[in-house]
Each structure stands twice: as C-alpha cells, then as structure tokens.
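A.B. asks: This is upload-v6.cif, which holds mmCIF, C-alpha atoms and all ligand atoms:
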```
data_target
#
loop_
_atom_site.label_atom_id
_atom_site.label_comp_id
_atom_site.auth_asym_id
_atom_site.auth_seq_id
_atom_site.Cartn_x
_atom_site.Cartn_y
_atom_site.Cartn_z
CA MET A 1 17.71 42.86 13.24
CA THR A 2 14.74 44.87 14.49
CA LYS A 3 14.69 46.17 18.07
CA THR A 4 11.58 44.06 18.70
CA GLU A 5 13.30 40.86 17.57
CA TYR A 6 16.41 41.66 19.61
CA ALA A 7 14.26 42.34 22.70
CA ALA A 8 12.38 39.03 22.28
CA ILE A 9 15.59 36.99 22.00
CA GLU A 10 17.17 38.91 24.88
CA LYS A 11 14.10 38.30 27.06
CA TYR A 12 14.30 34.54 26.42
CA MET A 13 18.06 34.57 27.15
CA LEU A 14 17.49 36.37 30.48
CA THR A 15 15.16 33.60 31.69
CA GLN A 16 18.01 31.05 31.28
CA MET A 17 21.12 32.77 32.71
CA LYS A 18 21.55 31.84 36.36
CA ASP A 19 25.23 31.19 37.03
CA SER A 20 27.60 34.03 37.87
CA ALA A 21 30.43 33.18 35.46
CA HIS A 22 27.91 32.78 32.63
CA ASP A 23 25.44 35.52 33.56
CA LYS A 24 23.78 38.12 31.33
CA HIS A 25 26.90 40.34 31.47
CA HIS A 26 29.00 37.51 30.01
CA ILE A 27 26.46 37.35 27.17
CA TYR A 28 26.56 41.12 26.57
CA ARG A 29 30.39 41.13 26.56
CA VAL A 30 30.44 38.21 24.07
CA LEU A 31 27.99 40.14 21.87
CA ASN A 32 30.17 43.28 22.09
CA PHE A 33 33.29 41.30 21.13
CA ALA A 34 31.39 39.66 18.26
CA VAL A 35 30.22 43.00 16.87
CA ASP A 36 33.78 44.34 17.12
CA ILE A 37 35.12 41.31 15.16
CA TYR A 38 32.18 41.52 12.68
CA GLU A 39 33.35 44.98 11.63
CA TYR A 40 36.65 43.49 10.37
CA GLU A 41 35.06 40.56 8.46
CA ASN A 42 33.12 40.26 5.19
CA SER A 43 29.87 38.48 4.29
CA VAL A 44 28.67 37.86 7.83
CA ASP A 45 24.96 37.27 8.52
CA PHE A 46 24.49 39.83 11.31
CA ASP A 47 21.09 38.49 12.49
CA VAL A 48 22.45 34.95 12.81
CA LEU A 49 25.51 36.25 14.67
CA VAL A 50 23.51 38.36 17.15
CA ALA A 51 21.00 35.57 17.86
CA ALA A 52 23.82 33.03 18.29
CA CYS A 53 25.66 35.30 20.75
CA LEU A 54 22.55 35.99 22.82
CA LEU A 55 21.54 32.30 22.93
CA HIS A 56 24.92 30.53 23.07
CA ASP A 57 24.82 29.59 26.78
CA ILE A 58 21.08 28.95 27.28
CA GLY A 59 21.72 25.20 27.56
CA ARG A 60 23.84 25.52 30.71
CA GLU A 61 21.05 25.40 33.24
CA LYS A 62 19.55 22.15 31.92
CA GLN A 63 23.01 20.52 31.79
CA PHE A 64 23.97 21.49 35.33
CA ALA A 65 20.54 20.66 36.74
CA GLY A 66 21.16 17.14 35.40
CA LEU A 67 18.08 17.39 33.15
CA ASP A 68 20.10 16.48 30.05
CA SER A 69 23.35 14.47 29.90
CA ARG A 70 24.63 16.25 26.75
CA CYS A 71 26.92 19.30 26.88
CA HIS A 72 25.37 22.76 27.11
CA ALA A 73 26.35 23.61 23.53
CA GLN A 74 24.34 20.72 22.08
CA ILE A 75 21.37 21.38 24.39
CA GLY A 76 21.52 25.13 23.74
CA GLY A 77 21.72 24.67 19.97
CA GLU A 78 18.46 22.74 19.95
CA MET A 79 16.77 25.18 22.35
CA ALA A 80 17.85 28.12 20.17
CA TYR A 81 16.52 26.41 17.03
CA GLU A 82 13.12 25.70 18.59
CA PHE A 83 12.86 29.20 20.03
CA LEU A 84 13.69 30.90 16.71
CA ILE A 85 11.24 28.67 14.80
CA SER A 86 8.59 29.75 17.33
CA ARG A 87 9.54 33.35 16.40
CA SER A 88 8.84 32.52 12.73
CA TRP A 89 12.51 32.47 11.67
CA ALA A 90 13.20 30.55 8.44
CA ALA A 91 14.35 27.00 9.21
CA GLU A 92 17.65 27.57 7.37
CA LYS A 93 18.54 30.63 9.48
CA ALA A 94 17.46 28.95 12.73
CA ALA A 95 19.62 25.93 11.79
CA HIS A 96 22.56 28.26 11.16
CA VAL A 97 22.19 29.71 14.68
CA LYS A 98 22.03 26.13 16.01
CA GLU A 99 25.29 25.30 14.18
CA CYS A 100 26.98 28.34 15.79
CA VAL A 101 25.75 27.55 19.31
CA SER A 102 26.57 23.84 19.14
CA SER A 103 30.18 24.49 18.00
CA HIS A 104 31.22 27.27 20.42
CA ARG A 105 32.81 25.13 23.15
CA TYR A 106 36.61 25.20 23.66
CA ARG A 107 36.54 21.59 24.84
CA GLY A 108 34.07 20.37 22.22
CA ASN A 109 34.86 18.10 19.25
CA ASN A 110 32.32 19.97 17.12
CA LYS A 111 34.45 22.71 15.52
CA PRO A 112 32.96 25.92 14.04
CA ASN A 113 32.66 26.00 10.24
CA SER A 114 30.81 29.16 9.18
CA ILE A 115 32.20 32.65 9.71
CA GLU A 116 29.35 33.39 12.16
CA ALA A 117 30.25 30.28 14.21
CA LYS A 118 33.94 31.26 14.18
CA ILE A 119 33.15 34.79 15.38
CA LEU A 120 30.98 33.45 18.23
CA PHE A 121 33.74 30.99 19.18
CA ASP A 122 36.33 33.78 19.21
CA ALA A 123 34.09 36.22 21.13
CA ASP A 124 33.38 33.57 23.77
CA LYS A 125 37.07 32.60 24.04
CA LEU A 126 38.04 36.27 24.52
CA GLU A 127 36.08 35.93 27.77
CA ALA A 128 38.74 33.41 28.87
CA SER A 129 41.57 35.88 28.13
CA GLY A 130 43.07 38.66 30.24
CA ALA A 131 41.81 39.72 33.66
CA ILE A 132 38.21 38.72 32.94
CA GLY A 133 39.35 35.20 32.02
CA ILE A 134 41.12 34.84 35.37
CA ALA A 135 38.15 36.25 37.30
CA ARG A 136 35.66 33.95 35.56
CA THR A 137 37.91 30.89 36.04
CA LEU A 138 38.08 31.61 39.79
CA ILE A 139 34.29 32.00 39.98
CA CYS A 140 33.76 28.71 38.09
CA GLY A 141 36.15 26.90 40.44
CA GLY A 142 34.35 28.30 43.49
CA GLN A 143 30.98 27.19 42.16
CA VAL A 144 32.09 23.54 42.22
CA ALA A 145 34.23 23.87 45.38
CA GLU A 146 37.55 23.40 43.56
CA PRO A 147 40.70 24.27 45.54
CA LEU A 148 42.75 27.30 44.49
CA TYR A 149 45.84 25.06 44.41
CA ILE A 150 46.97 21.52 45.15
CA LEU A 151 50.44 20.73 46.59
CA ASP A 152 52.40 17.64 45.58
CA ASP A 153 54.39 15.47 48.04
CA SER A 154 57.35 17.85 47.88
CA GLY A 155 55.16 20.86 48.71
CA SER A 156 55.18 22.37 45.19
CA ILE A 157 52.04 23.67 43.50
CA VAL A 158 50.68 21.12 41.01
CA ILE A 159 50.38 22.96 37.69
CA ASP A 160 49.09 20.27 35.33
CA GLY A 161 47.83 16.71 35.07
CA LYS A 162 44.92 15.24 36.92
CA GLY A 163 43.51 16.76 40.08
CA LEU A 164 42.97 15.10 43.43
CA GLU A 165 40.40 12.39 44.02
CA THR A 166 38.06 13.08 46.94
CA SER A 167 36.87 10.35 49.33
CA GLU A 168 33.71 10.20 47.16
CA GLY A 169 35.89 9.40 44.12
CA ILE A 170 35.33 12.79 42.46
CA GLN A 171 38.26 14.41 40.59
CA VAL A 172 38.88 18.00 41.63
CA SER A 173 41.44 20.17 39.86
CA SER A 174 42.73 23.57 40.90
CA PHE A 175 42.95 27.04 39.39
CA PHE A 176 46.59 26.33 38.42
CA GLN A 177 45.64 23.20 36.49
CA GLU A 178 42.72 24.91 34.75
CA TYR A 179 45.00 27.82 33.80
CA ASN A 180 47.55 25.50 32.20
CA PHE A 181 44.90 23.30 30.54
CA LYS A 182 42.83 26.08 28.99
CA ILE A 183 43.52 29.72 29.92
CA LYS A 184 47.19 29.69 28.90
CA LYS A 185 46.43 28.07 25.53
CA VAL A 186 43.37 30.09 24.58
CA TYR A 187 45.54 32.72 22.83
CA ASP A 188 46.40 30.15 20.12
CA SER A 189 42.81 29.10 19.48
CA PHE A 190 41.34 32.09 17.65
CA PHE A 191 40.09 31.98 14.06
CA THR A 192 39.91 35.72 13.29
CA LYS A 193 42.73 38.27 13.09
CA ARG A 194 40.82 40.84 15.16
CA ALA A 195 40.21 38.38 18.03
CA LYS A 196 43.93 37.45 18.05
CA GLU A 197 44.81 41.15 18.34
CA LEU A 198 42.31 41.75 21.17
CA ALA A 199 43.53 38.66 23.06
CA ALA A 200 47.20 39.57 22.64
CA LYS A 201 46.57 42.97 24.28
CA ARG A 202 45.06 41.25 27.33
CA GLN A 203 47.47 38.30 27.67
CA GLN A 204 50.15 39.90 29.86
CA THR A 205 47.61 40.74 32.60
CA ALA A 206 46.73 37.05 32.90
CA VAL A 207 50.38 35.92 32.84
CA ASP A 208 51.31 38.47 35.53
CA PHE A 209 48.43 37.38 37.77
CA TYR A 210 49.31 33.69 37.40
CA ASN A 211 53.01 34.25 38.10
CA GLY A 212 52.24 36.58 41.01
CA LEU A 213 49.85 34.12 42.62
CA TYR A 214 52.31 31.25 42.16
CA ALA A 215 55.13 33.30 43.73
CA GLU A 216 53.03 34.52 46.69
CA ILE A 217 51.82 31.03 47.64
CA THR A 218 55.27 29.45 47.19
CA GLU A 219 56.92 32.16 49.28
CA ASN A 220 54.29 31.80 51.99
CA TYR A 221 55.16 28.10 52.48
CA GLU A 222 58.93 28.66 52.23
CA HIS A 223 58.99 31.27 54.99
CA GLY A 224 56.26 29.86 57.18
CA ALA A 225 55.69 27.33 59.94
CA LYS A 226 57.31 24.29 58.29
CA LYS A 227 60.91 25.25 59.08
CA HIS A 228 60.17 25.13 62.84
CA PHE A 229 59.35 21.41 62.76
CA SER A 230 61.97 18.75 62.21
FE FE A 301 29.81 31.70 26.86
#
```
Once you've parsed the file, please lay out its structure as structure tokens.
Ligand SMILES: [Fe+2]
C.D. replies:
Amino acid sequence: MTKTEYAAIEKYMLTQMKDSAHDKHHIYRVLNFAVDIYEYENSVDFDVLVAACLLHDIGREKQFAGLDSRCHAQIGGEMAYEFLISRSWAAEKAAHVKECVSSHRYRGNNKPNSIEAKILFDADKLEASGAIGIARTLICGGQVAEPLYILDDSGSIVIDGKGLETSEGIQVSSFFQEYNFKIKKVYDSFFTKRAKELAAKRQQTAVDFYNGLYAEITENYEHGAKKHFS
C-alpha cells in the first residue's frame, strides 16, 4: 500500500473514532497486532488487511448515536466498501475489506472466512486480552454507567448470568459478569497460531487482576461494618 493511500484511509478513520475504548490508539494497536500475525502467515492480501484494520470500527458512532439499528460491524463494512470505491479500489477488493469488517465481532454470528478476516478478528480480540483487555472493559463499562460489581442476596459478588434490572427496565451487568462472559473465554477464540501465542503471554496478568479485585472487594465486606449490626 502506498503512503498516500494509507494516509487517506487513516484520515477517514480518524473522523469516525470518538469513544475512548475504541479510539485511534485501539486501531493502531490492532493494526500492529495484525502486521505481527501477517508475518507468520502465507498468501495474505496486505492492502486488504491494512484497510480492514484501519476501518474495522468506523461503524460504532452511527450505531451508538442510534442512527442505524444494525451492529457496528455491519454498518462499518458498508461504510468501508463505499469509502474504498470512492478511492477507486476494485469492487472485489473493497468487498473483501467489507467481509473482514463485517465478521470481526466476538459476539457476532457472521464468522470470518478469509485469512485476512481471521487476522483482523484475532488482532481485535488480542485487545480483549491481558492488561489492555481489562482496562478497555472497565472503560466500556464506565461509558454506559455499569457497576463494577453486583452482590447477590448472600453478599457474594455475582460472577455470571444476567445483570440487574434498573427501575427503567434496563439490564445492567458488571465487570465481573463481562469478564466471565467474554474476557475469560477470549483465549480460546483465536484462529492463528501467532495470536494464540501472544494472548497466552498476556493471560496471567488478566487472571491476577480479576482474582485480586475479587479478593479485595470480598475482604472489604467481610471485615467491614456489617458485623456490627445484628
Ligand atoms: Fe476493534
């Protein structure tokens, strides 16, 4: 890819990235992971991969602004296709980038097929591993006012299942539930050998943080005010 083409795609990406867990630095880290994985794989279309990494989250703003009811991967795939066609990309290549973007979600039913889509998926999921995965999960929770933890009737931290329903009927889950739903399982979701290796190196940091936070909060309640009230 030429520097001019990279700069044009990057410039478009920068106009779309407004949330702090999915900001431009998330995009650059995903691109760095993807290039690392690319070096261990064969027959990868580098231009498609770079464009897909840069554009993979451009649909988020429209989704969260309520301008489109579809998920950000579907919205972003179409936006990427239209943008690349406007940059005179061949329809086949632009459609390949669209396929990568629309299949990068962990929660999505649309699974990646091509090697470029699998590398983007893995690079994006590495952002949910290790310390950065914990930090980004906490930021995401804060953005939608989710609680750090929810206690059950016996005073234990709820670690899975559904969250609490607010008086407005909205389900809110906690960091502990999100960790057990996604963050803990992300290490088993990679397609490429290199991504598995990178994730495995980072896993213990996340496990230690989770266990440490669980222990600190539990201990706080056990030794605190409650024992003074009958
Ligand atoms: Fe992403």
A.B. asks: Just want the residues within 9 Å of ligand FE 301 (chain A), written as a PyMOL selection string, counting only C-alpha atoms and all ligand atoms.
C.D. replies: chain A and resi 21-23+26-27+30+53+56-57+104-105+120-121+123-125+127
A.B. asks: Just how far from CA of Asp122 in chain A is CA of Phe190 in chain A, in Å to one decimal?
C.D. replies: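 According to the coordinates, CA of Phe190 in chain A and CA of Asp122 in chain A are separated by 5.5 Å.
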A.B. asks: Which residue is closest to Leu55 in chain A? Choose from A:Asn32, A:Thr15, A:Ser69, A:Ser43 and count only C-alpha atoms.
C.D. replies: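 Comparing A:Asn32, A:Thr15, A:Ser69, A:Ser43 against Leu55 in chain A, the winner is A:Thr15.
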A.B. asks: With a distance cut-off of 12 Å and only C-alpha atoms, select the neighbouring residues of Lys11 in chain A, excluding the residue or stretch itself and same-chain residues fewer than 4 positions from it, and output the selection as a ChimeraX atom specification.
C.D. replies: /A:3-7,15-17,24,51,54-55,58,83
A.B. asks: I'd like the neighbourhood of Leu164 in chain A as a PyMOL selection string, where a residue qualifies if any of its atoms comes within 12 Å (using all atoms listed in the file), though same-chain residues fewer than 6 positions away should be ignored.
C.D. replies: chain A and resi 146-147+149-152+158+170-174+177
A.B. asks: Output C-alpha atoms for every residue in that selection, as a PDB file, in the frame of the given file.
C.D. replies:
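Produced file result03.pdb, reproduced below:
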```pdb
ATOM      1  CA  GLU A 146      37.550  23.400  43.560  1.00  0.00           C
ATOM      2  CA  PRO A 147      40.700  24.270  45.540  1.00  0.00           C
ATOM      3  CA  TYR A 149      45.840  25.060  44.410  1.00  0.00           C
ATOM      4  CA  ILE A 150      46.970  21.520  45.150  1.00  0.00           C
ATOM      5  CA  LEU A 151      50.440  20.730  46.590  1.00  0.00           C
ATOM      6  CA  ASP A 152      52.400  17.640  45.580  1.00  0.00           C
ATOM      7  CA  VAL A 158      50.680  21.120  41.010  1.00  0.00           C
ATOM      8  CA  ILE A 170      35.330  12.790  42.460  1.00  0.00           C
ATOM      9  CA  GLN A 171      38.260  14.410  40.590  1.00  0.00           C
ATOM     10  CA  VAL A 172      38.880  18.000  41.630  1.00  0.00           C
ATOM     11  CA  SER A 173      41.440  20.170  39.860  1.00  0.00           C
ATOM     12  CA  SER A 174      42.730  23.570  40.900  1.00  0.00           C
ATOM     13  CA  GLN A 177      45.640  23.200  36.490  1.00  0.00           C
TER      14      GLN A 177
END
```
A.B. asks: If you measure from CA of Gly77 in chain A to CA of Cys140 in chain A, what distance in Å do you get, rounded to one decimal?
C.D. replies: 22.1 Å
A.B. asks: Can you measure CA of His228 in chain A to CA of Gly155 in chain A for me? One decimal in Å is fine.
C.D. replies: 15.6 Å
A.B. asks: At a cut-off of 9 Å, can you tabulate as JSON lines every residue of range 194-216 of chain A near range 178-184 of chain A together with its closest atom pair and the distance in Å to one decimal, using all atoms listed in the file and ordering rows by chain then number?
C.D. replies:
```
{"residue": "A:Gln203", "atom": "CA", "partner": "A:Lys184", "partner_atom": "CA", "distance": 8.7}
{"residue": "A:Ala206", "atom": "CA", "partner": "A:Lys184", "partner_atom": "CA", "distance": 8.4}
{"residue": "A:Val207", "atom": "CA", "partner": "A:Lys184", "partner_atom": "CA", "distance": 8.0}
{"residue": "A:Tyr210", "atom": "CA", "partner": "A:Tyr179", "partner_atom": "CA", "distance": 8.1}
```
A.B. asks: Applying 9 Å and all atoms listed in the file, which residues near Met79 in chain A remain after dropping the ones on its own chain fewer than 3 positions away? List them as a PDB file with C-alpha atoms, in the frame of the given file.
C.D. replies:
```pdb
ATOM      1  CA  LEU A  55      21.540  32.300  22.930  1.00  0.00           C
ATOM      2  CA  ILE A  58      21.080  28.950  27.280  1.00  0.00           C
ATOM      3  CA  GLY A  59      21.720  25.200  27.560  1.00  0.00           C
ATOM      4  CA  GLN A  74      24.340  20.720  22.080  1.00  0.00           C
ATOM      5  CA  ILE A  75      21.370  21.380  24.390  1.00  0.00           C
ATOM      6  CA  GLY A  76      21.520  25.130  23.740  1.00  0.00           C
ATOM      7  CA  GLU A  82      13.120  25.700  18.590  1.00  0.00           C
ATOM      8  CA  PHE A  83      12.860  29.200  20.030  1.00  0.00           C
ATOM      9  CA  LEU A  84      13.690  30.900  16.710  1.00  0.00           C
ATOM     10  CA  LYS A  98      22.030  26.130  16.010  1.00  0.00           C
TER      11      LYS A  98
END
```
A.B. asks: Which is closer to Val101 in chain A than all the others in A:Ile134, A:Ala199, A:Ala73, A:Val48, using all atoms listed in the file?
C.D. replies: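 Smallest separation from Val101 in chain A among the options: A:Ala73.
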A.B. asks: What lies within 10 Å of Asp45 in chain A using all atoms listed in the file, ignoring chain neighbours under 2 positions off, as a list of chain:residue names?
C.D. replies: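 Listed by chain and then number, they are A:Tyr38, A:Asn42, A:Ser43, A:Asp47, A:Val48, A:Leu49, A:Val50, A:Lys93, A:His96, A:Ile115, A:Glu116.
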A.B. asks: Using only C-alpha atoms, which residue out of A:Ala52, A:Ala225, A:Ile119, A:Val186 lies closest to Tyr40 in chain A?
C.D. replies: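 The shortest atom-to-atom distance to Tyr40 in chain A comes from A:Ile119.
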A.B. asks: Restricting the calculation to only C-alpha atoms: of A:Leu14, A:Ala95, A:Leu31, A:Leu198, which residue gets closest to Ala80 in chain A?
C.D. replies: A:Ala95
A.B. asks: Using only C-alpha atoms, find the one residue out of A:Ser154, A:Ser88, A:Thr192, A:Thr2 that sits nearest to Ala34 in chain A.
C.D. replies: A:Thr192
A.B. asks: Between A:Ile85, A:Val97, A:Val35, A:Ala8, single out the one closest to Ala195 in chain A, counting only C-alpha atoms.
C.D. replies: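 Of A:Ile85, A:Val97, A:Val35, A:Ala8, the one nearest Ala195 in chain A, counting only C-alpha atoms, is A:Val35.
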A.B. asks: So that I can see what lies close to Ile217 in chain A, please list as JSON, numbers by chain the residues with an atom at most 10 Å from it, counting all atoms listed in the file and leaving out residues fewer than 4 positions away in the same chain.
C.D. replies: {"A": [149, 156, 157, 212, 213, 221, 222]}
A.B. asks: Rebuild all heavy atoms on range 123-134 of chain A, as a short mmCIF file (atom, residue, chain, number, x, y, z; two decimals), in the coordinates of the input?
C.D. replies:
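Final file, selection-v1.cif:
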```
data_model
loop_
_atom_site.label_atom_id
_atom_site.label_comp_id
_atom_site.auth_asym_id
_atom_site.auth_seq_id
_atom_site.Cartn_x
_atom_site.Cartn_y
_atom_site.Cartn_z
N ALA A 123 34.63 35.26 20.15
CA ALA A 123 34.09 36.22 21.13
C ALA A 123 33.97 35.55 22.49
O ALA A 123 34.30 36.14 23.53
CB ALA A 123 32.74 36.73 20.66
N ASP A 124 33.53 34.30 22.51
CA ASP A 124 33.38 33.57 23.77
C ASP A 124 34.75 33.24 24.37
O ASP A 124 34.93 33.30 25.59
CB ASP A 124 32.57 32.30 23.52
CG ASP A 124 32.08 31.66 24.81
OD1 ASP A 124 31.57 32.40 25.68
OD2 ASP A 124 32.19 30.43 24.95
N LYS A 125 35.73 32.92 23.53
CA LYS A 125 37.07 32.60 24.04
C LYS A 125 37.81 33.86 24.52
O LYS A 125 38.67 33.78 25.39
CB LYS A 125 37.90 31.90 22.96
CG LYS A 125 37.86 30.38 22.93
CD LYS A 125 36.77 29.75 23.74
CE LYS A 125 35.55 29.46 22.92
NZ LYS A 125 34.34 29.05 23.66
N LEU A 126 37.46 35.02 23.98
CA LEU A 126 38.04 36.27 24.52
C LEU A 126 37.64 36.45 25.97
O LEU A 126 38.36 37.10 26.75
CB LEU A 126 37.60 37.48 23.68
CG LEU A 126 38.39 37.67 22.39
CD1 LEU A 126 37.67 38.63 21.44
CD2 LEU A 126 39.81 38.18 22.68
N GLU A 127 36.53 35.87 26.38
CA GLU A 127 36.08 35.93 27.77
C GLU A 127 36.94 35.04 28.68
O GLU A 127 36.77 35.04 29.89
CB GLU A 127 34.62 35.50 27.85
CG GLU A 127 33.65 36.61 27.52
CD GLU A 127 33.44 37.54 28.71
OE1 GLU A 127 32.72 37.16 29.65
OE2 GLU A 127 34.03 38.65 28.69
N ALA A 128 37.80 34.22 28.07
CA ALA A 128 38.74 33.41 28.87
C ALA A 128 40.13 34.05 28.85
O ALA A 128 41.08 33.51 29.41
CB ALA A 128 38.81 32.00 28.31
N SER A 129 40.26 35.21 28.21
CA SER A 129 41.57 35.88 28.13
C SER A 129 41.64 37.03 29.13
O SER A 129 40.62 37.49 29.64
CB SER A 129 41.80 36.41 26.71
OG SER A 129 40.97 37.53 26.45
N GLY A 130 42.86 37.48 29.41
CA GLY A 130 43.07 38.66 30.24
C GLY A 130 42.53 38.53 31.66
O GLY A 130 42.35 37.42 32.19
N ALA A 131 42.27 39.68 32.27
CA ALA A 131 41.81 39.72 33.66
C ALA A 131 40.44 39.07 33.81
O ALA A 131 40.18 38.33 34.78
CB ALA A 131 41.75 41.17 34.14
N ILE A 132 39.57 39.29 32.83
CA ILE A 132 38.21 38.72 32.94
C ILE A 132 38.28 37.19 32.88
O ILE A 132 37.51 36.50 33.57
CB ILE A 132 37.27 39.30 31.85
CG1 ILE A 132 35.80 39.12 32.24
CG2 ILE A 132 37.51 38.70 30.49
CD1 ILE A 132 35.28 40.12 33.20
N GLY A 133 39.20 36.66 32.10
CA GLY A 133 39.35 35.20 32.02
C GLY A 133 39.77 34.62 33.36
O GLY A 133 39.27 33.56 33.78
N ILE A 134 40.69 35.30 34.04
CA ILE A 134 41.12 34.84 35.37
C ILE A 134 39.95 34.91 36.35
O ILE A 134 39.68 33.96 37.09
CB ILE A 134 42.28 35.73 35.88
CG1 ILE A 134 43.51 35.63 34.97
CG2 ILE A 134 42.61 35.42 37.34
CD1 ILE A 134 44.34 34.39 35.13
#
```
